[in-house]
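Have a look at structure.cif below; it lists mmCIF, C-alpha atoms (C1' of nucleotides).
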```cif
data_data
#
loop_
_atom_site.label_atom_id
_atom_site.label_comp_id
_atom_site.auth_asym_id
_atom_site.auth_seq_id
_atom_site.Cartn_x
_atom_site.Cartn_y
_atom_site.Cartn_z
CA MET A 13 -31.25 15.99 -9.33
CA ALA A 14 -34.34 14.79 -7.49
CA LYS A 15 -35.01 11.10 -7.72
CA GLN A 16 -37.64 10.45 -10.30
CA LYS A 17 -40.57 8.49 -9.02
CA SER A 18 -42.13 5.92 -11.25
CA GLU A 19 -45.64 5.77 -10.03
CA ILE A 20 -48.49 4.27 -11.86
CA PRO A 21 -50.17 7.18 -13.54
CA SER A 22 -53.90 7.39 -13.49
CA GLU A 23 -55.98 7.38 -16.60
CA SER A 24 -56.55 11.09 -16.55
CA ASP A 25 -52.92 11.82 -15.72
CA VAL A 26 -51.92 10.19 -18.94
CA LEU A 27 -54.54 12.01 -20.93
CA GLU A 28 -53.62 15.30 -19.39
CA ARG A 29 -49.94 14.70 -19.89
CA LEU A 30 -50.35 13.99 -23.56
CA ARG A 31 -52.45 17.06 -24.07
CA THR A 32 -49.99 19.21 -22.18
CA ILE A 33 -47.04 18.22 -24.29
CA GLY A 34 -48.95 18.75 -27.46
CA LEU A 35 -49.92 15.27 -28.50
CA ARG A 36 -53.53 14.52 -29.13
CA PRO A 37 -54.72 11.91 -26.70
CA THR A 38 -55.91 9.41 -29.23
CA ARG A 39 -57.16 5.98 -28.34
CA GLN A 40 -53.88 4.43 -29.52
CA ARG A 41 -51.58 6.82 -27.73
CA LEU A 42 -53.54 6.54 -24.53
CA ALA A 43 -53.47 2.78 -24.63
CA LEU A 44 -49.78 2.66 -25.40
CA ALA A 45 -48.89 5.20 -22.78
CA ARG A 46 -50.84 3.19 -20.25
CA LEU A 47 -48.94 0.05 -21.18
CA LEU A 48 -45.62 1.82 -21.11
CA PHE A 49 -45.99 3.64 -17.84
CA ALA A 50 -48.08 1.20 -15.86
CA LYS A 51 -45.32 -1.05 -14.65
CA GLY A 52 -42.42 1.00 -13.45
CA HIS A 53 -39.32 1.62 -15.48
CA ARG A 54 -38.39 -0.64 -18.33
CA HIS A 55 -36.73 -0.97 -21.68
CA VAL A 56 -39.00 -1.89 -24.55
CA SER A 57 -38.45 -2.42 -28.20
CA ALA A 58 -41.08 -1.52 -30.76
CA GLU A 59 -41.72 -5.18 -31.32
CA ASP A 60 -42.11 -5.80 -27.59
CA LEU A 61 -44.69 -3.09 -27.30
CA PHE A 62 -46.49 -4.32 -30.38
CA LYS A 63 -46.82 -7.78 -28.90
CA GLU A 64 -47.93 -6.41 -25.56
CA ALA A 65 -50.56 -4.35 -27.25
CA ARG A 66 -51.87 -7.32 -29.18
CA ALA A 67 -51.89 -9.36 -26.00
CA SER A 68 -53.96 -6.66 -24.34
CA ASP A 69 -56.44 -6.52 -27.20
CA ILE A 70 -55.30 -3.10 -28.19
CA ASP A 71 -55.77 -2.79 -31.89
CA VAL A 72 -52.90 -0.75 -33.16
CA SER A 73 -50.63 -1.00 -36.16
CA LEU A 74 -46.89 -1.40 -35.99
CA ALA A 75 -46.46 1.93 -37.77
CA THR A 76 -48.39 3.57 -34.99
CA ILE A 77 -46.20 1.92 -32.40
CA TYR A 78 -43.19 3.48 -34.06
CA ASN A 79 -44.91 6.82 -34.41
CA ALA A 80 -45.93 6.84 -30.78
CA LEU A 81 -42.51 5.78 -29.52
CA HIS A 82 -40.85 8.50 -31.52
CA ASP A 83 -43.37 11.13 -30.59
CA PHE A 84 -43.09 10.22 -26.91
CA THR A 85 -39.33 10.33 -27.17
CA ALA A 86 -39.34 13.69 -28.88
CA LYS A 87 -41.50 15.04 -26.08
CA GLY A 88 -39.33 13.62 -23.35
CA LEU A 89 -41.63 10.88 -22.13
CA LEU A 90 -39.17 8.24 -23.26
CA ARG A 91 -35.51 7.99 -23.99
CA ALA A 92 -34.17 6.05 -26.94
CA LEU A 93 -31.06 4.03 -26.64
CA SER A 94 -29.31 1.56 -28.85
CA VAL A 95 -26.48 -0.45 -27.61
CA ASP A 96 -26.41 -3.62 -29.58
CA SER A 97 -27.11 -2.56 -33.12
CA MET A 98 -30.07 -4.81 -33.39
CA GLY A 99 -32.80 -2.44 -32.59
CA THR A 100 -33.64 0.50 -30.44
CA TYR A 101 -34.82 0.25 -26.89
CA PHE A 102 -37.07 2.87 -25.39
CA ASP A 103 -36.44 3.57 -21.76
CA THR A 104 -39.31 4.75 -19.63
CA ASN A 105 -36.80 6.19 -17.22
CA THR A 106 -35.89 9.57 -18.60
CA SER A 107 -33.87 10.76 -15.66
CA ASP A 108 -30.08 10.71 -15.72
CA HIS A 109 -28.83 7.20 -15.32
CA HIS A 110 -26.75 4.53 -16.95
CA HIS A 111 -27.01 0.88 -17.96
CA PHE A 112 -25.77 -2.61 -17.56
CA PHE A 113 -25.98 -4.53 -20.77
CA TYR A 114 -26.04 -8.29 -20.59
CA GLU A 115 -24.30 -9.32 -23.75
CA ARG A 116 -25.63 -12.82 -24.00
CA SER A 117 -29.24 -12.18 -23.19
CA ARG A 118 -29.18 -8.68 -24.64
CA ARG A 119 -30.98 -7.24 -21.68
CA LEU A 120 -30.62 -3.79 -20.21
CA GLU A 121 -30.72 -2.83 -16.57
CA ASP A 122 -30.66 0.62 -15.08
CA ILE A 123 -27.78 1.88 -13.00
CA ALA A 124 -28.73 4.77 -10.76
CA ASN A 125 -26.87 7.92 -11.57
CA ASP A 126 -25.41 7.92 -8.07
CA ASP A 127 -23.79 4.56 -8.59
CA ILE A 128 -21.35 5.81 -11.17
CA HIS A 129 -19.05 8.70 -10.50
CA ILE A 130 -17.27 10.26 -13.39
CA SER A 131 -14.66 12.49 -11.88
CA SER A 132 -13.39 14.06 -15.06
CA LEU A 133 -14.61 14.51 -18.56
CA PRO A 134 -12.64 15.82 -21.51
CA ARG A 135 -13.47 19.30 -22.71
CA THR A 136 -15.90 19.15 -25.60
CA PRO A 137 -14.85 20.44 -29.00
CA LYS A 138 -15.32 24.17 -28.99
CA GLY A 139 -18.65 25.47 -30.08
CA THR A 140 -20.33 22.25 -29.10
CA GLU A 141 -22.35 21.15 -26.14
CA ILE A 142 -22.90 17.85 -24.42
CA SER A 143 -26.27 16.37 -25.10
CA ARG A 144 -25.81 13.53 -22.67
CA VAL A 145 -23.30 11.05 -21.34
CA ASP A 146 -24.10 7.38 -21.65
CA VAL A 147 -22.21 4.78 -19.71
CA VAL A 148 -22.82 1.18 -20.64
CA ILE A 149 -21.26 -1.54 -18.57
CA ARG A 150 -21.22 -4.63 -20.71
CA ILE A 151 -21.62 -7.81 -18.72
CA LYS A 152 -20.55 -11.28 -19.71
CA ASP A 153 -23.55 -13.33 -18.71
CA MET B 22 -2.06 0.39 -19.92
CA ALA B 23 0.65 1.27 -22.44
CA LYS B 24 -0.42 3.66 -25.14
CA GLN B 25 -1.17 1.77 -28.29
CA LYS B 26 0.73 2.99 -31.30
CA SER B 27 -1.02 3.09 -34.62
CA GLU B 28 1.75 2.72 -37.08
CA ILE B 29 1.31 1.83 -40.67
CA PRO B 30 1.90 -1.89 -40.80
CA SER B 31 4.02 -3.31 -43.55
CA GLU B 32 2.71 -5.76 -46.05
CA SER B 33 4.34 -8.70 -44.36
CA ASP B 34 3.28 -7.56 -40.91
CA VAL B 35 -0.30 -7.83 -41.99
CA LEU B 36 0.19 -11.21 -43.54
CA GLU B 37 2.00 -12.50 -40.52
CA ARG B 38 -0.55 -11.06 -38.18
CA LEU B 39 -3.42 -12.75 -39.93
CA ARG B 40 -1.60 -16.04 -39.96
CA THR B 41 -0.76 -15.77 -36.28
CA ILE B 42 -4.31 -15.22 -35.18
CA GLY B 43 -5.51 -18.08 -37.30
CA LEU B 44 -7.02 -16.38 -40.30
CA ARG B 45 -5.80 -17.39 -43.71
CA PRO B 46 -4.20 -14.45 -45.40
CA THR B 47 -6.38 -14.44 -48.45
CA ARG B 48 -6.20 -11.79 -51.13
CA GLN B 49 -9.38 -10.19 -49.80
CA ARG B 50 -8.42 -10.17 -46.15
CA LEU B 51 -4.99 -8.81 -46.90
CA ALA B 52 -6.38 -6.02 -49.01
CA LEU B 53 -9.02 -5.12 -46.45
CA ALA B 54 -6.58 -5.24 -43.56
CA ARG B 55 -4.29 -2.93 -45.49
CA LEU B 56 -7.11 -0.48 -46.05
CA LEU B 57 -8.23 -0.64 -42.47
CA PHE B 58 -4.88 -0.27 -40.79
CA ALA B 59 -3.06 1.97 -43.22
CA LYS B 60 -4.34 5.28 -41.99
CA GLY B 61 -4.27 5.40 -38.24
CA HIS B 62 -7.31 4.84 -36.08
CA ARG B 63 -10.75 5.23 -37.46
CA HIS B 64 -14.37 4.13 -37.33
CA VAL B 65 -15.69 2.43 -40.41
CA SER B 66 -18.99 0.92 -41.34
CA ALA B 67 -19.24 -2.09 -43.59
CA GLU B 68 -20.58 0.12 -46.32
CA ASP B 69 -17.71 2.58 -45.90
CA LEU B 70 -15.18 -0.15 -46.29
CA PHE B 71 -17.01 -1.59 -49.25
CA LYS B 72 -16.88 1.75 -51.04
CA GLU B 73 -13.23 2.23 -50.17
CA ALA B 74 -12.43 -1.18 -51.53
CA ARG B 75 -14.24 -0.47 -54.77
CA ALA B 76 -12.47 2.86 -55.04
CA SER B 77 -9.15 1.06 -54.64
CA ASP B 78 -9.99 -1.50 -57.30
CA ILE B 79 -10.19 -4.25 -54.76
CA ASP B 80 -12.70 -6.73 -56.01
CA VAL B 81 -14.52 -8.01 -52.99
CA SER B 82 -18.13 -8.75 -52.22
CA LEU B 83 -20.14 -7.11 -49.51
CA ALA B 84 -20.61 -10.47 -47.82
CA THR B 85 -16.87 -10.79 -47.57
CA ILE B 86 -16.61 -7.33 -46.08
CA TYR B 87 -18.96 -8.42 -43.34
CA ASN B 88 -17.17 -11.72 -42.88
CA ALA B 89 -13.81 -10.01 -42.63
CA LEU B 90 -15.02 -7.35 -40.23
CA HIS B 91 -16.52 -9.96 -37.96
CA ASP B 92 -13.54 -12.25 -38.17
CA PHE B 93 -11.18 -9.38 -37.41
CA THR B 94 -13.36 -8.34 -34.52
CA ALA B 95 -13.53 -11.85 -33.11
CA LYS B 96 -9.74 -12.00 -33.23
CA GLY B 97 -9.29 -8.66 -31.57
CA LEU B 98 -8.05 -6.68 -34.54
CA LEU B 99 -11.13 -4.49 -34.46
CA ARG B 100 -13.75 -3.49 -31.98
CA ALA B 101 -17.40 -3.25 -32.89
CA LEU B 102 -19.55 -0.49 -31.55
CA SER B 103 -23.03 0.68 -32.24
CA VAL B 104 -24.26 3.88 -30.81
CA ASP B 105 -26.91 5.16 -33.13
CA SER B 106 -28.95 2.12 -34.08
CA MET B 107 -28.34 2.67 -37.72
CA GLY B 108 -25.41 0.42 -38.25
CA THR B 109 -22.30 -0.88 -36.62
CA TYR B 110 -19.00 0.91 -36.64
CA PHE B 111 -15.75 -0.97 -36.48
CA ASP B 112 -13.04 0.78 -34.56
CA THR B 113 -9.44 0.12 -35.52
CA ASN B 114 -8.43 1.26 -32.06
CA THR B 115 -8.84 -1.76 -29.83
CA SER B 116 -7.25 -0.29 -26.76
CA ASP B 117 -9.34 0.97 -23.87
CA HIS B 118 -10.91 4.26 -24.77
CA HIS B 119 -14.20 6.06 -25.14
CA HIS B 120 -16.07 8.14 -27.69
CA PHE B 121 -17.61 11.41 -28.59
CA PHE B 122 -20.63 10.93 -30.78
CA TYR B 123 -21.73 13.86 -32.91
CA GLU B 124 -25.45 13.40 -33.07
CA ARG B 125 -26.13 15.46 -36.14
CA SER B 126 -23.33 14.22 -38.34
CA ARG B 127 -23.31 10.80 -36.74
CA ARG B 128 -19.55 10.77 -36.44
CA LEU B 129 -17.44 9.14 -33.77
CA GLU B 130 -14.25 10.46 -32.26
CA ASP B 131 -11.96 8.73 -29.82
CA ILE B 132 -11.50 9.93 -26.29
CA ALA B 133 -8.29 8.70 -24.74
CA ASN B 134 -8.82 6.50 -21.74
CA ASP B 135 -6.92 8.97 -19.59
CA ASP B 136 -9.33 11.75 -20.39
CA ILE B 137 -12.21 10.17 -18.55
CA HIS B 138 -11.96 9.12 -14.96
CA ILE B 139 -14.60 6.93 -13.52
CA SER B 140 -14.09 6.98 -9.81
CA SER B 141 -16.68 4.44 -8.86
CA LEU B 142 -18.60 1.73 -10.57
CA PRO B 143 -21.49 -0.25 -9.14
CA ARG B 144 -20.81 -3.84 -8.19
CA THR B 145 -21.78 -6.17 -10.97
CA PRO B 146 -24.52 -8.70 -10.42
CA LYS B 147 -23.00 -11.68 -8.64
CA GLY B 148 -21.61 -14.37 -10.83
CA THR B 149 -21.02 -11.97 -13.66
CA GLU B 150 -18.03 -10.16 -14.98
CA ILE B 151 -17.52 -6.87 -16.76
CA SER B 152 -16.73 -7.30 -20.40
CA ARG B 153 -16.06 -3.63 -20.96
CA VAL B 154 -17.23 -0.17 -20.03
CA ASP B 155 -18.26 2.14 -22.83
CA VAL B 156 -18.68 5.83 -22.28
CA VAL B 157 -20.28 7.79 -25.07
CA ILE B 158 -20.46 11.55 -24.82
CA ARG B 159 -23.17 12.66 -27.16
CA ILE B 160 -22.52 16.04 -28.69
CA LYS B 161 -25.06 18.46 -30.10
CA ASP B 162 -23.36 19.53 -33.31
"C1'" DC C 14 -71.77 20.34 -36.73
"C1'" DT C 15 -68.02 21.22 -40.00
"C1'" DA C 16 -63.66 22.11 -41.76
"C1'" DA C 17 -58.88 21.83 -40.99
"C1'" DA C 18 -55.28 19.58 -38.99
"C1'" DA C 19 -53.43 15.67 -36.91
"C1'" DT C 20 -53.27 10.75 -36.63
"C1'" DT C 21 -53.63 6.00 -38.03
"C1'" DT C 22 -53.02 2.37 -41.14
"C1'" DA C 23 -51.75 -1.36 -44.56
"C1'" DG C 24 -48.53 -2.32 -47.22
"C1'" DA C 25 -44.66 -1.08 -50.00
"C1'" DA C 26 -40.02 0.30 -49.60
"C1'" DC C 27 -35.63 0.64 -47.59
"C1'" DT C 28 -31.29 -0.27 -44.95
"C1'" DA C 29 -28.26 -3.06 -42.63
"C1'" DT C 30 -27.08 -7.50 -42.08
"C1'" DT C 31 -27.06 -12.62 -42.36
"C1'" DC C 32 -27.75 -16.85 -44.77
"C1'" DT C 33 -27.19 -20.36 -48.45
"C1'" DA C 34 -25.01 -23.36 -51.18
"C1'" DA C 35 -21.98 -23.48 -54.87
"C1'" DA C 36 -17.43 -22.18 -56.62
"C1'" DC C 37 -12.91 -21.28 -55.38
"C1'" DT C 38 -8.37 -21.05 -52.83
"C1'" DA C 39 -4.95 -22.02 -49.34
"C1'" DC C 40 -2.72 -25.22 -46.72
"C1'" DT C 41 -1.32 -30.03 -45.68
"C1'" DT C 42 0.27 -34.47 -46.76
"C1'" DG C 43 2.39 -37.96 -49.38
"C1'" DC D 9 4.08 -30.88 -56.75
"C1'" DA D 10 -0.55 -33.55 -56.91
"C1'" DA D 11 -4.48 -34.01 -54.55
"C1'" DG D 12 -7.63 -33.78 -50.85
"C1'" DT D 13 -9.87 -31.08 -47.48
"C1'" DA D 14 -10.90 -27.46 -44.84
"C1'" DG D 15 -11.46 -22.70 -44.96
"C1'" DT D 16 -13.03 -18.74 -47.77
"C1'" DT D 17 -15.55 -16.09 -51.11
"C1'" DT D 18 -19.53 -14.94 -53.57
"C1'" DA D 19 -24.13 -13.66 -55.68
"C1'" DG D 20 -28.23 -13.45 -54.53
"C1'" DA D 21 -32.05 -14.63 -51.58
"C1'" DA D 22 -33.70 -13.89 -47.09
"C1'" DT D 23 -34.47 -11.54 -42.74
"C1'" DA D 24 -35.03 -7.82 -39.27
"C1'" DG D 25 -35.97 -3.42 -37.96
"C1'" DT D 26 -37.65 0.68 -39.37
"C1'" DT D 27 -39.54 4.38 -42.38
"C1'" DC D 28 -42.46 5.94 -46.05
"C1'" DT D 29 -46.80 6.71 -48.71
"C1'" DA D 30 -51.19 7.94 -49.58
"C1'" DA D 31 -55.67 7.14 -48.30
"C1'" DA D 32 -59.00 6.69 -44.51
"C1'" DT D 33 -60.13 8.14 -39.99
"C1'" DT D 34 -60.27 10.82 -35.81
"C1'" DT D 35 -59.62 14.92 -33.06
"C1'" DT D 36 -60.15 19.64 -32.19
"C1'" DA D 37 -61.36 24.45 -32.96
"C1'" DG D 38 -64.78 27.48 -34.32
#
```

Show me the file's structure as structure tokens.
Amino acid sequence: MAKQKSEIPSESDVLERLRTIGLRPTRQRLALARLLFAKGHRHVSAEDLFKEARASDIDVSLATIYNALHDFTAKGLLRALSVDSMGTYFDTNTSDHHHFFYERSRRLEDIANDDIHISSLPRTPKGTEISRVDVVIRIKD
Amino acid sequence: MAKQKSEIPSESDVLERLRTIGLRPTRQRLALARLLFAKGHRHVSAEDLFKEARASDIDVSLATIYNALHDFTAKGLLRALSVDSMGTYFDTNTSDHHHFFYERSRRLEDIANDDIHISSLPRTPKGTEISRVDVVIRIKD
DNA sequence: CTAAAATTTAGAACTATTCTAAACTACTTG
DNA sequence: CAAGTAGTTTAGAATAGTTCTAAATTTTAG
């Protein structure tokens, strides 16, 4: 339950990390990982990242954006979440935590795990296991 | 915080209810409301309802299904929720409660409000108000 | 360096949903 | 009840987000 730091990873950290988890450190993945992890935790959509990449002169196709986001998610570098049915957000914070969701502006904001205490959960159906618990506090903004 | 009963509403209940909330009790809305509220609480997608309607020889277009679901939701007869980014589910249970989400089968199951106790919530950003709190327990099935 | 395996890509395809504008229906008023 | 009008329905086009396909390219192991 240690607090996860979100430090700016160095170039070689990223490369090494990709290699370690079994993803080839291609030009595209390196560039995207740099974009994603350079600025502290955030919630990006595929389209967001695509635009950011274009803005940074990173030549990458939308299909690759999706591939990378899914690959990163599968390997635990990102966490996918969808709260408003129009699109998936990828959260660079993969530690346990929850979210505020601003209904009007459709923005997400992290809530530290410590700021929500769930004192009792129902027993899960037998033979099953909890994958995770998501709390979303919807805000009228 | 009274427990909400889910009784099978009579024909005229439905008609009256629609009229009361300001929706004209058209043939289509009446038929769809009957389908939706005839069987106790459940979680339906637009496509689900469309198929059910067809199966019941109710002649209604998909556009109307969407219109009706949104109108019903806006009037508090249904509650929309989207947890898995592929589509919106409409919950006939509009009382406070939470959900299990079976990741593999993509099914939702209600959790009674009393079965989850949240002992502390973070303060909301100033000037804002909580619209609702959704807890989703994701289950590996 | 070379072959095999993984990755990238453009564009087509797909799914869920919304839009459009015309046809239709319910409610109100006289 | 006739008629007007406001609300509703509809088919189909349009849109948004995402996945698929198959070919071209890049990475890695040997």

Considering all atoms listed in the file, tabulate each residue of chain D that lies at most 12 Å from chain B along with its nearest interatomic pair and the corresponding distance in Å to one decimal; arrange the rows by chain and ascending residue number and present them as JSON lines.
```
{"residue": "D:DA14", "atom": "C1'", "partner": "B:Arg45", "partner_atom": "CA", "distance": 11.3}
{"residue": "D:DG15", "atom": "C1'", "partner": "B:Arg45", "partner_atom": "CA", "distance": 7.9}
{"residue": "D:DT16", "atom": "C1'", "partner": "B:Thr47", "partner_atom": "CA", "distance": 7.9}
{"residue": "D:DT17", "atom": "C1'", "partner": "B:Thr85", "partner_atom": "CA", "distance": 6.5}
{"residue": "D:DT18", "atom": "C1'", "partner": "B:Ser82", "partner_atom": "CA", "distance": 6.5}
{"residue": "D:DA19", "atom": "C1'", "partner": "B:Ser82", "partner_atom": "CA", "distance": 8.5}
{"residue": "D:DG20", "atom": "C1'", "partner": "B:Ala84", "partner_atom": "CA", "distance": 10.6}
{"residue": "D:DG25", "atom": "C1'", "partner": "B:Ser106", "partner_atom": "CA", "distance": 9.7}
{"residue": "D:DT26", "atom": "C1'", "partner": "B:Met107", "partner_atom": "CA", "distance": 9.7}
```

Q: Using atom CA of Ile130 of chain A and atom CA of Ser141 of chain B as the two end points, give the distance in Å to one decimal.
A: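 Value for the atom CA of Ile130 of chain A-atom CA of Ser141 of chain B distance: 7.4 Å.
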
Q.
Need the shell around segment 122-135 of chain B: protein/DNA/RNA residues with any atom at most 9 Å away, counting all atoms listed in the file. Skip same-chain ones fewer than 3 positions apart. Format as a list of chain:residue names?
A.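 The residues satisfying every condition are A:Pro134, A:Ser143, B:His62, B:Arg63, B:His64, B:Val104, B:Asp105, B:Tyr110, B:Asn114, B:Ser116, B:Asp117, B:His118, B:His119, B:His138, B:Val157, B:Ile158, B:Arg159, B:Ile160, B:Lys161, B:Asp162.
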
Q: Residues of chain C near chain B: apply a cut-off of 9 Å, count all atoms listed in the file, and supply the list as JSON, numbers by chain.
A: {"C": [28, 29, 30, 31, 38, 39, 40]}

Output the coordinates of chain B after least-squares fitting to chain A on all in-order C-alpha pairs, as a compact mmCIF listing (two decimals) with C-alpha atoms, in the frame of the given file.
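Generated output (out20.txt):
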```
# COMPACT_ATOMS: atom_id res chain seq x y z
CA MET B 22 -31.15 15.88 -9.29
CA ALA B 23 -34.26 14.72 -7.42
CA LYS B 24 -34.96 11.03 -7.67
CA GLN B 25 -37.63 10.42 -10.23
CA LYS B 26 -40.57 8.45 -8.94
CA SER B 27 -42.16 5.90 -11.19
CA GLU B 28 -45.68 5.73 -9.97
CA ILE B 29 -48.52 4.22 -11.84
CA PRO B 30 -50.19 7.14 -13.53
CA SER B 31 -53.93 7.38 -13.50
CA GLU B 32 -55.99 7.36 -16.62
CA SER B 33 -56.55 11.08 -16.54
CA ASP B 34 -52.93 11.81 -15.72
CA VAL B 35 -51.94 10.18 -18.94
CA LEU B 36 -54.54 12.01 -20.93
CA GLU B 37 -53.62 15.30 -19.39
CA ARG B 38 -49.95 14.67 -19.87
CA LEU B 39 -50.33 13.97 -23.55
CA ARG B 40 -52.45 17.05 -24.02
CA THR B 41 -49.96 19.21 -22.16
CA ILE B 42 -47.02 18.21 -24.27
CA GLY B 43 -48.98 18.75 -27.43
CA LEU B 44 -49.92 15.26 -28.49
CA ARG B 45 -53.55 14.51 -29.10
CA PRO B 46 -54.72 11.89 -26.69
CA THR B 47 -55.90 9.42 -29.24
CA ARG B 48 -57.18 5.97 -28.37
CA GLN B 49 -53.90 4.44 -29.54
CA ARG B 50 -51.59 6.82 -27.73
CA LEU B 51 -53.55 6.54 -24.53
CA ALA B 52 -53.49 2.78 -24.63
CA LEU B 53 -49.79 2.65 -25.42
CA ALA B 54 -48.90 5.20 -22.77
CA ARG B 55 -50.85 3.16 -20.25
CA LEU B 56 -48.94 0.04 -21.20
CA LEU B 57 -45.62 1.80 -21.12
CA PHE B 58 -46.00 3.62 -17.85
CA ALA B 59 -48.09 1.18 -15.87
CA LYS B 60 -45.34 -1.04 -14.63
CA GLY B 61 -42.43 1.01 -13.43
CA HIS B 62 -39.32 1.61 -15.47
CA ARG B 63 -38.41 -0.63 -18.30
CA HIS B 64 -36.74 -0.97 -21.68
CA VAL B 65 -38.99 -1.88 -24.55
CA SER B 66 -38.44 -2.40 -28.22
CA ALA B 67 -41.07 -1.50 -30.77
CA GLU B 68 -41.71 -5.16 -31.33
CA ASP B 69 -42.10 -5.79 -27.60
CA LEU B 70 -44.68 -3.09 -27.31
CA PHE B 71 -46.47 -4.31 -30.39
CA LYS B 72 -46.79 -7.79 -28.91
CA GLU B 73 -47.92 -6.41 -25.57
CA ALA B 74 -50.55 -4.35 -27.28
CA ARG B 75 -51.85 -7.33 -29.21
CA ALA B 76 -51.88 -9.38 -26.03
CA SER B 77 -53.96 -6.67 -24.37
CA ASP B 78 -56.43 -6.54 -27.24
CA ILE B 79 -55.29 -3.10 -28.22
CA ASP B 80 -55.75 -2.80 -31.92
CA VAL B 81 -52.87 -0.75 -33.19
CA SER B 82 -50.59 -0.99 -36.17
CA LEU B 83 -46.86 -1.38 -36.01
CA ALA B 84 -46.44 1.94 -37.79
CA THR B 85 -48.36 3.60 -35.02
CA ILE B 86 -46.18 1.93 -32.42
CA TYR B 87 -43.16 3.50 -34.07
CA ASN B 88 -44.89 6.84 -34.43
CA ALA B 89 -45.92 6.85 -30.79
CA LEU B 90 -42.51 5.79 -29.52
CA HIS B 91 -40.84 8.53 -31.51
CA ASP B 92 -43.37 11.14 -30.57
CA PHE B 93 -43.08 10.22 -26.90
CA THR B 94 -39.33 10.33 -27.16
CA ALA B 95 -39.33 13.71 -28.88
CA LYS B 96 -41.51 15.04 -26.07
CA GLY B 97 -39.34 13.63 -23.35
CA LEU B 98 -41.63 10.88 -22.13
CA LEU B 99 -39.17 8.23 -23.24
CA ARG B 100 -35.51 7.99 -23.98
CA ALA B 101 -34.18 6.05 -26.92
CA LEU B 102 -31.05 4.00 -26.63
CA SER B 103 -29.32 1.55 -28.85
CA VAL B 104 -26.48 -0.47 -27.58
CA ASP B 105 -26.41 -3.64 -29.56
CA SER B 106 -27.08 -2.59 -33.13
CA MET B 107 -30.04 -4.86 -33.40
CA GLY B 108 -32.78 -2.47 -32.57
CA THR B 109 -33.63 0.49 -30.43
CA TYR B 110 -34.81 0.26 -26.88
CA PHE B 111 -37.07 2.87 -25.39
CA ASP B 112 -36.44 3.57 -21.75
CA THR B 113 -39.34 4.75 -19.63
CA ASN B 114 -36.82 6.19 -17.20
CA THR B 115 -35.90 9.58 -18.59
CA SER B 116 -33.88 10.76 -15.65
CA ASP B 117 -30.10 10.73 -15.71
CA HIS B 118 -28.84 7.22 -15.32
CA HIS B 119 -26.76 4.53 -16.94
CA HIS B 120 -27.02 0.89 -17.94
CA PHE B 121 -25.78 -2.60 -17.53
CA PHE B 122 -26.02 -4.51 -20.77
CA TYR B 123 -26.08 -8.29 -20.57
CA GLU B 124 -24.36 -9.30 -23.75
CA ARG B 125 -25.68 -12.82 -23.99
CA SER B 126 -29.30 -12.17 -23.16
CA ARG B 127 -29.23 -8.69 -24.63
CA ARG B 128 -31.03 -7.22 -21.65
CA LEU B 129 -30.65 -3.76 -20.18
CA GLU B 130 -30.74 -2.81 -16.54
CA ASP B 131 -30.67 0.65 -15.05
CA ILE B 132 -27.78 1.90 -13.00
CA ALA B 133 -28.73 4.79 -10.77
CA ASN B 134 -26.87 7.96 -11.56
CA ASP B 135 -25.39 7.97 -8.08
CA ASP B 136 -23.77 4.61 -8.59
CA ILE B 137 -21.34 5.85 -11.18
CA HIS B 138 -19.05 8.75 -10.55
CA ILE B 139 -17.26 10.31 -13.41
CA SER B 140 -14.65 12.55 -11.93
CA SER B 141 -13.39 14.11 -15.09
CA LEU B 142 -14.59 14.52 -18.60
CA PRO B 143 -12.61 15.83 -21.54
CA ARG B 144 -13.45 19.30 -22.78
CA THR B 145 -15.87 19.14 -25.65
CA PRO B 146 -14.83 20.42 -29.04
CA LYS B 147 -15.27 24.18 -29.05
CA GLY B 148 -18.62 25.44 -30.13
CA THR B 149 -20.32 22.24 -29.13
CA GLU B 150 -22.33 21.15 -26.17
CA ILE B 151 -22.87 17.85 -24.43
CA SER B 152 -26.25 16.38 -25.11
CA ARG B 153 -25.80 13.54 -22.67
CA VAL B 154 -23.29 11.07 -21.34
CA ASP B 155 -24.12 7.40 -21.64
CA VAL B 156 -22.22 4.79 -19.71
CA VAL B 157 -22.85 1.20 -20.63
CA ILE B 158 -21.29 -1.55 -18.57
CA ARG B 159 -21.27 -4.63 -20.70
CA ILE B 160 -21.66 -7.81 -18.73
CA LYS B 161 -20.57 -11.29 -19.72
CA ASP B 162 -23.60 -13.33 -18.73
```

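Picked out by the PyMOL selection byres ((chain D and resi 34) around 10) when it runs on this file: Thr38 and Arg39 of chain A; DA19, DT20 and DT21 of chain C; DA32, DT33, DT35 and DT36 of chain D.
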
Q: Enter the distance from atom CA of Ala95 of chain B to atom CA of Val147 of chain A, in Å, rounded to one decimal.
A: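 Computing the Euclidean distance for atom CA of Ala95 of chain B and atom CA of Val147 of chain A yields 23.1 Å.
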
Please report, as lines of an AutoDock Vina configuration file, the centre and edge lengths in Å to one decimal of an axis-aligned box covering all listed atoms of segment 146-152 of chain B with 8 Å per side.
```
center_x = -20.6
center_y = -10.6
center_z = -14.5
size_x = 23.8
size_y = 23.5
size_z = 27.8
```

Q: Figure out the distance between atom CA of Ile77 of chain A and atom CA of Ala65 of chain A, please, to one decimal in Å.
A: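 Pair atom CA of Ala65 of chain A / atom CA of Ile77 of chain A returns 9.2 Å.
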
Q | Residue among B:Thr41, B:Phe58, B:Ser103, B:Phe121 lying closest to chain A, counting only C-alpha atoms | A |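 Smallest distance to chain A is found for B:Ser103.
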
(Q) Could you list, as a list in words, every residue matched by the PyMOL selection byres ((chain D and resi 38) around 12) in this structure? (A)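 This file, filtered by the PyMOL selection byres ((chain D and resi 38) around 12), leaves DC14, DT15, DA16 and DA17 of chain C; DT36 and DA37 of chain D.
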